[in-house]
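Text of run-v2.pdb, listed as PDB, C-alpha atoms:
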MODEL        1
ATOM      1  CA  MET A   5     -27.722  38.846 -58.686  1.00  0.00           C
ATOM      2  CA  LYS A   6     -28.218  42.234 -57.042  1.00  0.00           C
ATOM      3  CA  MET A   7     -26.139  43.078 -53.995  1.00  0.00           C
ATOM      4  CA  LYS A   8     -26.614  46.128 -51.828  1.00  0.00           C
ATOM      5  CA  LEU A   9     -23.984  48.218 -50.110  1.00  0.00           C
ATOM      6  CA  ILE A  10     -22.913  51.675 -49.198  1.00  0.00           C
ATOM      7  CA  PRO A  11     -20.375  52.302 -51.971  1.00  0.00           C
ATOM      8  CA  ILE A  12     -17.934  54.228 -49.784  1.00  0.00           C
ATOM      9  CA  LEU A  13     -17.531  51.183 -47.531  1.00  0.00           C
ATOM     10  CA  ALA A  14     -16.347  49.056 -50.450  1.00  0.00           C
ATOM     11  CA  TRP A  15     -13.963  51.810 -51.555  1.00  0.00           C
ATOM     12  CA  ALA A  16     -12.548  52.022 -48.042  1.00  0.00           C
ATOM     13  CA  ALA A  17     -11.827  48.294 -48.072  1.00  0.00           C
ATOM     14  CA  LEU A  18     -10.163  48.525 -51.481  1.00  0.00           C
ATOM     15  CA  ALA A  19      -8.196  51.654 -50.611  1.00  0.00           C
ATOM     16  CA  MET A  20      -6.637  50.218 -47.451  1.00  0.00           C
ATOM     17  CA  PRO A  21      -3.943  47.686 -48.369  1.00  0.00           C
ATOM     18  CA  GLY A  22      -4.148  44.564 -46.246  1.00  0.00           C
ATOM     19  CA  SER A  23      -7.665  45.437 -45.056  1.00  0.00           C
ATOM     20  CA  ALA A  24      -9.340  42.679 -47.058  1.00  0.00           C
ATOM     21  CA  ILE A  25      -8.661  38.974 -46.889  1.00  0.00           C
ATOM     22  CA  PRO A  26      -6.994  37.758 -50.139  1.00  0.00           C
ATOM     23  CA  GLY A  27      -9.485  35.817 -52.243  1.00  0.00           C
ATOM     24  CA  SER A  28     -12.454  37.430 -50.504  1.00  0.00           C
ATOM     25  CA  VAL A  29     -15.265  38.953 -52.534  1.00  0.00           C
ATOM     26  CA  ILE A  30     -16.211  42.573 -51.933  1.00  0.00           C
ATOM     27  CA  PRO A  31     -19.298  44.033 -53.650  1.00  0.00           C
ATOM     28  CA  VAL A  32     -18.461  47.292 -55.409  1.00  0.00           C
ATOM     29  CA  SER A  33     -20.824  49.823 -56.933  1.00  0.00           C
ATOM     30  CA  VAL A  34     -20.167  50.512 -60.605  1.00  0.00           C
ATOM     31  CA  ILE A  35     -21.153  53.152 -63.099  1.00  0.00           C
ATOM     32  CA  PRO A  36     -23.636  51.570 -65.570  1.00  0.00           C
ATOM     33  CA  GLY A  37     -21.839  50.525 -68.775  1.00  0.00           C
ATOM     34  CA  SER A  38     -18.433  50.740 -67.086  1.00  0.00           C
ATOM     35  CA  ALA A  39     -16.158  48.295 -65.283  1.00  0.00           C
ATOM     36  CA  MET A  40     -14.779  51.117 -63.112  1.00  0.00           C
ATOM     37  CA  PRO A  41     -15.936  51.559 -59.509  1.00  0.00           C
ATOM     38  CA  SER A  42     -18.103  54.638 -59.047  1.00  0.00           C
ATOM     39  CA  ARG A  43     -16.846  57.749 -57.318  1.00  0.00           C
ATOM     40  CA  ALA A  44     -18.499  60.699 -55.653  1.00  0.00           C
ATOM     41  CA  MET A  45     -20.491  62.923 -57.953  1.00  0.00           C
ATOM     42  CA  PRO A  46     -18.679  66.136 -58.952  1.00  0.00           C
ATOM     43  CA  GLY A  47     -19.412  68.894 -56.464  1.00  0.00           C
ATOM     44  CA  THR A  48     -20.236  66.546 -53.592  1.00  0.00           C
ATOM     45  CA  LYS A  49     -18.243  66.511 -50.398  1.00  0.00           C
ATOM     46  CA  ALA A  50     -17.800  64.393 -47.333  1.00  0.00           C
ATOM     47  CA  GLU A  51     -20.040  65.136 -44.371  1.00  0.00           C
ATOM     48  CA  VAL A  52     -19.385  64.654 -40.675  1.00  0.00           C
ATOM     49  CA  PHE A  53     -22.229  64.353 -38.193  1.00  0.00           C
ATOM     50  CA  SER A  54     -20.587  65.097 -34.839  1.00  0.00           C
ATOM     51  CA  SER A  55     -21.361  62.884 -31.866  1.00  0.00           C
ATOM     52  CA  GLN A  56     -22.389  66.015 -29.947  1.00  0.00           C
ATOM     53  CA  ASN A  57     -24.909  67.038 -32.628  1.00  0.00           C
ATOM     54  CA  VAL A  58     -26.236  63.481 -32.963  1.00  0.00           C
ATOM     55  CA  GLY A  59     -26.595  63.260 -29.171  1.00  0.00           C
ATOM     56  CA  LEU A  60     -28.515  66.542 -29.008  1.00  0.00           C
ATOM     57  CA  GLN A  61     -30.828  65.449 -31.813  1.00  0.00           C
ATOM     58  CA  LEU A  62     -31.449  62.062 -30.165  1.00  0.00           C
ATOM     59  CA  GLU A  63     -32.329  63.847 -26.891  1.00  0.00           C
ATOM     60  CA  ALA A  64     -34.807  66.142 -28.678  1.00  0.00           C
ATOM     61  CA  LEU A  65     -36.331  63.168 -30.500  1.00  0.00           C
ATOM     62  CA  ARG A  66     -36.604  61.237 -27.218  1.00  0.00           C
ATOM     63  CA  ARG A  67     -38.562  64.108 -25.650  1.00  0.00           C
ATOM     64  CA  ALA A  68     -40.893  64.267 -28.678  1.00  0.00           C
ATOM     65  CA  ALA A  69     -41.286  60.471 -28.721  1.00  0.00           C
ATOM     66  CA  GLY A  70     -42.467  60.540 -25.113  1.00  0.00           C
ATOM     67  CA  THR A  71     -45.933  61.561 -26.249  1.00  0.00           C
ATOM     68  CA  SER A  72     -46.121  60.121 -29.779  1.00  0.00           C
ATOM     69  CA  GLY A  73     -44.153  56.881 -29.277  1.00  0.00           C
ATOM     70  CA  SER A  74     -41.598  57.640 -31.988  1.00  0.00           C
ATOM     71  CA  GLY A  75     -39.567  60.379 -33.587  1.00  0.00           C
ATOM     72  CA  GLY A  76     -37.132  60.623 -36.458  1.00  0.00           C
ATOM     73  CA  ALA A  77     -34.878  62.960 -38.382  1.00  0.00           C
ATOM     74  CA  THR A  78     -32.870  62.702 -41.584  1.00  0.00           C
ATOM     75  CA  LEU A  79     -29.177  63.577 -41.275  1.00  0.00           C
ATOM     76  CA  GLY A  80     -28.430  63.128 -44.979  1.00  0.00           C
ATOM     77  CA  ASP A  81     -30.192  61.782 -48.067  1.00  0.00           C
ATOM     78  CA  TYR A  82     -28.057  60.603 -50.974  1.00  0.00           C
ATOM     79  CA  GLN A  83     -28.586  58.697 -54.201  1.00  0.00           C
ATOM     80  CA  SER A  84     -27.604  55.299 -52.785  1.00  0.00           C
ATOM     81  CA  HIS A  85     -28.657  55.691 -49.145  1.00  0.00           C
ATOM     82  CA  ALA A  86     -30.107  57.907 -46.438  1.00  0.00           C
ATOM     83  CA  ILE A  87     -28.780  58.384 -42.901  1.00  0.00           C
ATOM     84  CA  LYS A  88     -31.478  58.868 -40.286  1.00  0.00           C
ATOM     85  CA  LEU A  89     -31.983  59.054 -36.532  1.00  0.00           C
ATOM     86  CA  SER A  90     -34.822  57.110 -34.957  1.00  0.00           C
ATOM     87  CA  VAL A  91     -36.101  57.092 -31.393  1.00  0.00           C
ATOM     88  CA  ARG A  92     -38.927  54.911 -30.098  1.00  0.00           C
ATOM     89  CA  THR A  93     -40.635  54.784 -26.724  1.00  0.00           C
ATOM     90  CA  ALA A  94     -43.315  52.400 -28.008  1.00  0.00           C
ATOM     91  CA  GLY A  95     -43.286  49.505 -30.452  1.00  0.00           C
ATOM     92  CA  GLY A  96     -43.911  50.165 -34.116  1.00  0.00           C
ATOM     93  CA  ALA A  97     -45.803  48.443 -36.886  1.00  0.00           C
ATOM     94  CA  ALA A  98     -44.471  45.331 -38.565  1.00  0.00           C
ATOM     95  CA  GLU A  99     -42.965  46.302 -41.921  1.00  0.00           C
ATOM     96  CA  VAL A 100     -41.222  45.085 -45.045  1.00  0.00           C
ATOM     97  CA  HIS A 101     -39.161  47.294 -47.365  1.00  0.00           C
ATOM     98  CA  ALA A 102     -39.038  45.769 -50.856  1.00  0.00           C
ATOM     99  CA  HIS A 103     -36.240  48.000 -52.157  1.00  0.00           C
ATOM    100  CA  GLU A 104     -34.172  49.048 -49.116  1.00  0.00           C
ATOM    101  CA  ASP A 105     -31.933  47.335 -46.595  1.00  0.00           C
ATOM    102  CA  ASP A 106     -31.956  48.769 -43.077  1.00  0.00           C
ATOM    103  CA  VAL A 107     -28.758  49.075 -41.064  1.00  0.00           C
ATOM    104  CA  PHE A 108     -29.181  50.086 -37.402  1.00  0.00           C
ATOM    105  CA  VAL A 109     -26.434  51.272 -35.084  1.00  0.00           C
ATOM    106  CA  VAL A 110     -28.066  51.166 -31.656  1.00  0.00           C
ATOM    107  CA  MET A 111     -27.096  54.323 -29.769  1.00  0.00           C
ATOM    108  CA  GLU A 112     -29.201  53.982 -26.636  1.00  0.00           C
ATOM    109  CA  GLY A 113     -31.649  51.742 -24.862  1.00  0.00           C
ATOM    110  CA  LYS A 114     -32.860  48.335 -25.920  1.00  0.00           C
ATOM    111  CA  ALA A 115     -35.595  46.739 -27.997  1.00  0.00           C
ATOM    112  CA  THR A 116     -36.814  43.375 -29.114  1.00  0.00           C
ATOM    113  CA  LEU A 117     -36.334  43.070 -32.873  1.00  0.00           C
ATOM    114  CA  VAL A 118     -38.576  40.470 -34.496  1.00  0.00           C
ATOM    115  CA  THR A 119     -37.484  39.403 -37.999  1.00  0.00           C
ATOM    116  CA  GLY A 120     -38.710  36.881 -40.536  1.00  0.00           C
ATOM    117  CA  GLY A 121     -42.112  35.237 -40.334  1.00  0.00           C
ATOM    118  CA  THR A 122     -45.231  36.760 -41.854  1.00  0.00           C
ATOM    119  CA  VAL A 123     -46.676  40.262 -41.464  1.00  0.00           C
ATOM    120  CA  ALA A 124     -50.218  40.027 -40.048  1.00  0.00           C
ATOM    121  CA  GLN A 125     -52.910  42.239 -41.615  1.00  0.00           C
ATOM    122  CA  ALA A 126     -50.382  43.358 -44.243  1.00  0.00           C
ATOM    123  CA  LYS A 127     -51.162  46.382 -46.395  1.00  0.00           C
ATOM    124  CA  ALA A 128     -48.852  47.383 -49.277  1.00  0.00           C
ATOM    125  CA  ASP A 129     -48.610  51.045 -50.252  1.00  0.00           C
ATOM    126  CA  GLY A 130     -47.647  50.499 -53.913  1.00  0.00           C
ATOM    127  CA  LYS A 131     -44.168  51.979 -53.359  1.00  0.00           C
ATOM    128  CA  GLY A 132     -42.566  48.780 -52.069  1.00  0.00           C
ATOM    129  CA  GLU A 133     -43.521  49.312 -48.419  1.00  0.00           C
ATOM    130  CA  THR A 134     -45.760  46.897 -46.540  1.00  0.00           C
ATOM    131  CA  LYS A 135     -47.002  47.447 -42.979  1.00  0.00           C
ATOM    132  CA  GLY A 136     -49.067  45.347 -40.632  1.00  0.00           C
ATOM    133  CA  SER A 137     -50.094  44.862 -37.030  1.00  0.00           C
ATOM    134  CA  SER A 138     -47.500  42.254 -36.015  1.00  0.00           C
ATOM    135  CA  ILE A 139     -45.236  39.435 -37.178  1.00  0.00           C
ATOM    136  CA  GLN A 140     -46.347  35.830 -36.889  1.00  0.00           C
ATOM    137  CA  ASP A 141     -43.708  33.095 -36.466  1.00  0.00           C
ATOM    138  CA  GLY A 142     -40.806  35.565 -36.449  1.00  0.00           C
ATOM    139  CA  ASN A 143     -37.466  35.373 -34.638  1.00  0.00           C
ATOM    140  CA  PRO A 144     -37.228  37.743 -31.612  1.00  0.00           C
ATOM    141  CA  GLN A 145     -33.800  39.061 -30.579  1.00  0.00           C
ATOM    142  CA  THR A 146     -32.870  41.650 -27.959  1.00  0.00           C
ATOM    143  CA  ILE A 147     -30.747  44.493 -29.344  1.00  0.00           C
ATOM    144  CA  VAL A 148     -28.890  46.954 -27.100  1.00  0.00           C
ATOM    145  CA  LYS A 149     -26.578  49.961 -27.242  1.00  0.00           C
ATOM    146  CA  GLY A 150     -23.545  49.193 -29.420  1.00  0.00           C
ATOM    147  CA  ASP A 151     -25.251  46.505 -31.523  1.00  0.00           C
ATOM    148  CA  ILE A 152     -25.244  46.822 -35.305  1.00  0.00           C
ATOM    149  CA  VAL A 153     -28.149  45.260 -37.194  1.00  0.00           C
ATOM    150  CA  HIS A 154     -28.563  44.528 -40.911  1.00  0.00           C
ATOM    151  CA  ILE A 155     -32.070  43.806 -42.219  1.00  0.00           C
ATOM    152  CA  PRO A 156     -32.067  42.842 -45.923  1.00  0.00           C
ATOM    153  CA  ALA A 157     -34.753  44.174 -48.262  1.00  0.00           C
ATOM    154  CA  GLY A 158     -37.801  41.919 -48.255  1.00  0.00           C
ATOM    155  CA  THR A 159     -37.357  40.847 -44.616  1.00  0.00           C
ATOM    156  CA  PRO A 160     -40.344  41.370 -42.309  1.00  0.00           C
ATOM    157  CA  HIS A 161     -39.276  43.204 -39.138  1.00  0.00           C
ATOM    158  CA  GLN A 162     -40.740  44.920 -36.100  1.00  0.00           C
ATOM    159  CA  LEU A 163     -39.305  46.724 -33.074  1.00  0.00           C
ATOM    160  CA  MET A 164     -40.970  46.044 -29.741  1.00  0.00           C
ATOM    161  CA  ILE A 165     -40.245  48.463 -26.885  1.00  0.00           C
ATOM    162  CA  ALA A 166     -41.075  47.578 -23.270  1.00  0.00           C
ATOM    163  CA  PRO A 167     -43.094  50.172 -21.304  1.00  0.00           C
ATOM    164  CA  GLY A 168     -40.761  52.736 -19.761  1.00  0.00           C
ATOM    165  CA  ASP A 169     -37.889  51.919 -22.146  1.00  0.00           C
ATOM    166  CA  ALA A 170     -36.538  54.081 -24.952  1.00  0.00           C
ATOM    167  CA  PHE A 171     -34.601  53.000 -28.032  1.00  0.00           C
ATOM    168  CA  GLY A 172     -32.423  55.247 -30.189  1.00  0.00           C
ATOM    169  CA  ALA A 173     -30.512  54.347 -33.342  1.00  0.00           C
ATOM    170  CA  ILE A 174     -28.739  55.666 -36.370  1.00  0.00           C
ATOM    171  CA  VAL A 175     -30.525  54.044 -39.311  1.00  0.00           C
ATOM    172  CA  VAL A 176     -28.967  53.790 -42.752  1.00  0.00           C
ATOM    173  CA  LYS A 177     -31.512  53.068 -45.496  1.00  0.00           C
ATOM    174  CA  VAL A 178     -29.544  51.425 -48.321  1.00  0.00           C
ATOM    175  CA  ARG A 179     -31.366  51.618 -51.640  1.00  0.00           C
ATOM    176  CA  GLU A 180     -31.153  48.869 -54.256  1.00  0.00           C
ATOM    177  CA  ASN A 181     -28.354  49.453 -56.721  1.00  0.00           C
ATOM    178  CA  ASP A 182     -26.760  47.404 -59.486  1.00  0.00           C
ATOM    179  CA  THR A 183     -23.363  46.225 -58.299  1.00  0.00           C
ATOM    180  CA  MET A 184     -20.618  43.849 -59.191  1.00  0.00           C
ATOM    181  CA  ALA A 185     -18.288  41.786 -57.032  1.00  0.00           C
ATOM    182  CA  VAL A 186     -14.532  42.195 -57.071  1.00  0.00           C
ATOM    183  CA  THR A 187     -12.329  39.295 -55.978  1.00  0.00           C
ATOM    184  CA  LEU A 188      -9.134  40.354 -54.223  1.00  0.00           C
TER     185      LEU A 188
ENDMDL
END
Would you mind writing the file's structure down as structure tokens?
Amino acid sequence: MKMKLIPILAWAALAMPGSAIPGSVIPVSVIPGSAMPSRAMPGTKAEVFSSQNVGLQLEALRRAAGTSGSGGATLGDYQSHAIKLSVRTAGGAAEVHAHEDDVFVVMEGKATLVTGGTVAQAKADGKGETKGSSIQDGNPQTIVKGDIVHIPAGTPHQLMIAPGDAFGAIVVKVRENDTMAVTL
């Protein structure tokens, strides 16, 4: 069974005594051929994306999205995941990512997120991405500032934006990775 996670989150849970419920299972990234949890690659360092910088970038993306309907920027791209900013002033295509989970932290505005169902007029690009015109028989949910959303790989999803609204989010693209589970 493959599980997906941002490895640093599992390390944080393991490194903070009392932060996990005894007997709970926490997925942990491992180095292939080893039973030891993975660590940062030599020469890498922690990065901080300040709220001020993120806010300025979201504002610039919002202005650009006013004419195109969407805008995005990559804050950081790493082996296991990428951290991005996304702003929409119009709905996007229905899509399915075969090899990536999406995690949204809604920073501003609201949207209707439709998940599940079937992608209409689906076209695969050969790289694990499928896009289409809409989702049939999906589950619509309103998401607003402060919400956190997890969309597992293989799940059809689409953001719908009402006219006059804007939606901004930090998006973490979590790439498939072999992992193991550790029972505490």
Worksheet entry | Selection dump of the PyMOL selection byres ((chain A and resi 83) around 10), as a PyMOL selection string | chain A and resi 45+81-82+84-86+178-179+181
Worksheet item: Which of these, A:Thr159, A:Thr119, A:Ser54, A:Asn143, has the shortest distance to His101 in chain A once you count all atoms listed in the file?
Response: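 That would be A:Thr159, the residue with the smallest distance to His101 in chain A.
For the choices A:Ala157, A:Ala102, A:Val91, A:Val58, the atom-to-atom distance to Lys114 in chain A is smallest for A:Val91 when using all atoms listed in the file.
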Hey, can you pull every residue with an atom no more than 6 Å from (-37.2, 39.7, -36.2), using all atoms listed in the file, and send it as a PDB file with C-alpha atoms, in the frame of the given file?
ATOM      1  CA  LEU A 117     -36.334  43.070 -32.873  1.00  0.00           C
ATOM      2  CA  VAL A 118     -38.576  40.470 -34.496  1.00  0.00           C
ATOM      3  CA  THR A 119     -37.484  39.403 -37.999  1.00  0.00           C
ATOM      4  CA  GLY A 120     -38.710  36.881 -40.536  1.00  0.00           C
ATOM      5  CA  GLY A 142     -40.806  35.565 -36.449  1.00  0.00           C
ATOM      6  CA  ASN A 143     -37.466  35.373 -34.638  1.00  0.00           C
ATOM      7  CA  PRO A 144     -37.228  37.743 -31.612  1.00  0.00           C
ATOM      8  CA  HIS A 161     -39.276  43.204 -39.138  1.00  0.00           C
TER       9      HIS A 161
END
Item to complete: Check the smallest atom-to-atom distance from each of A:Glu99, A:Glu63, A:Ala68, A:Gly121 to Lys135 in chain A using only C-alpha atoms, then report the winner.
Response: A:Glu99
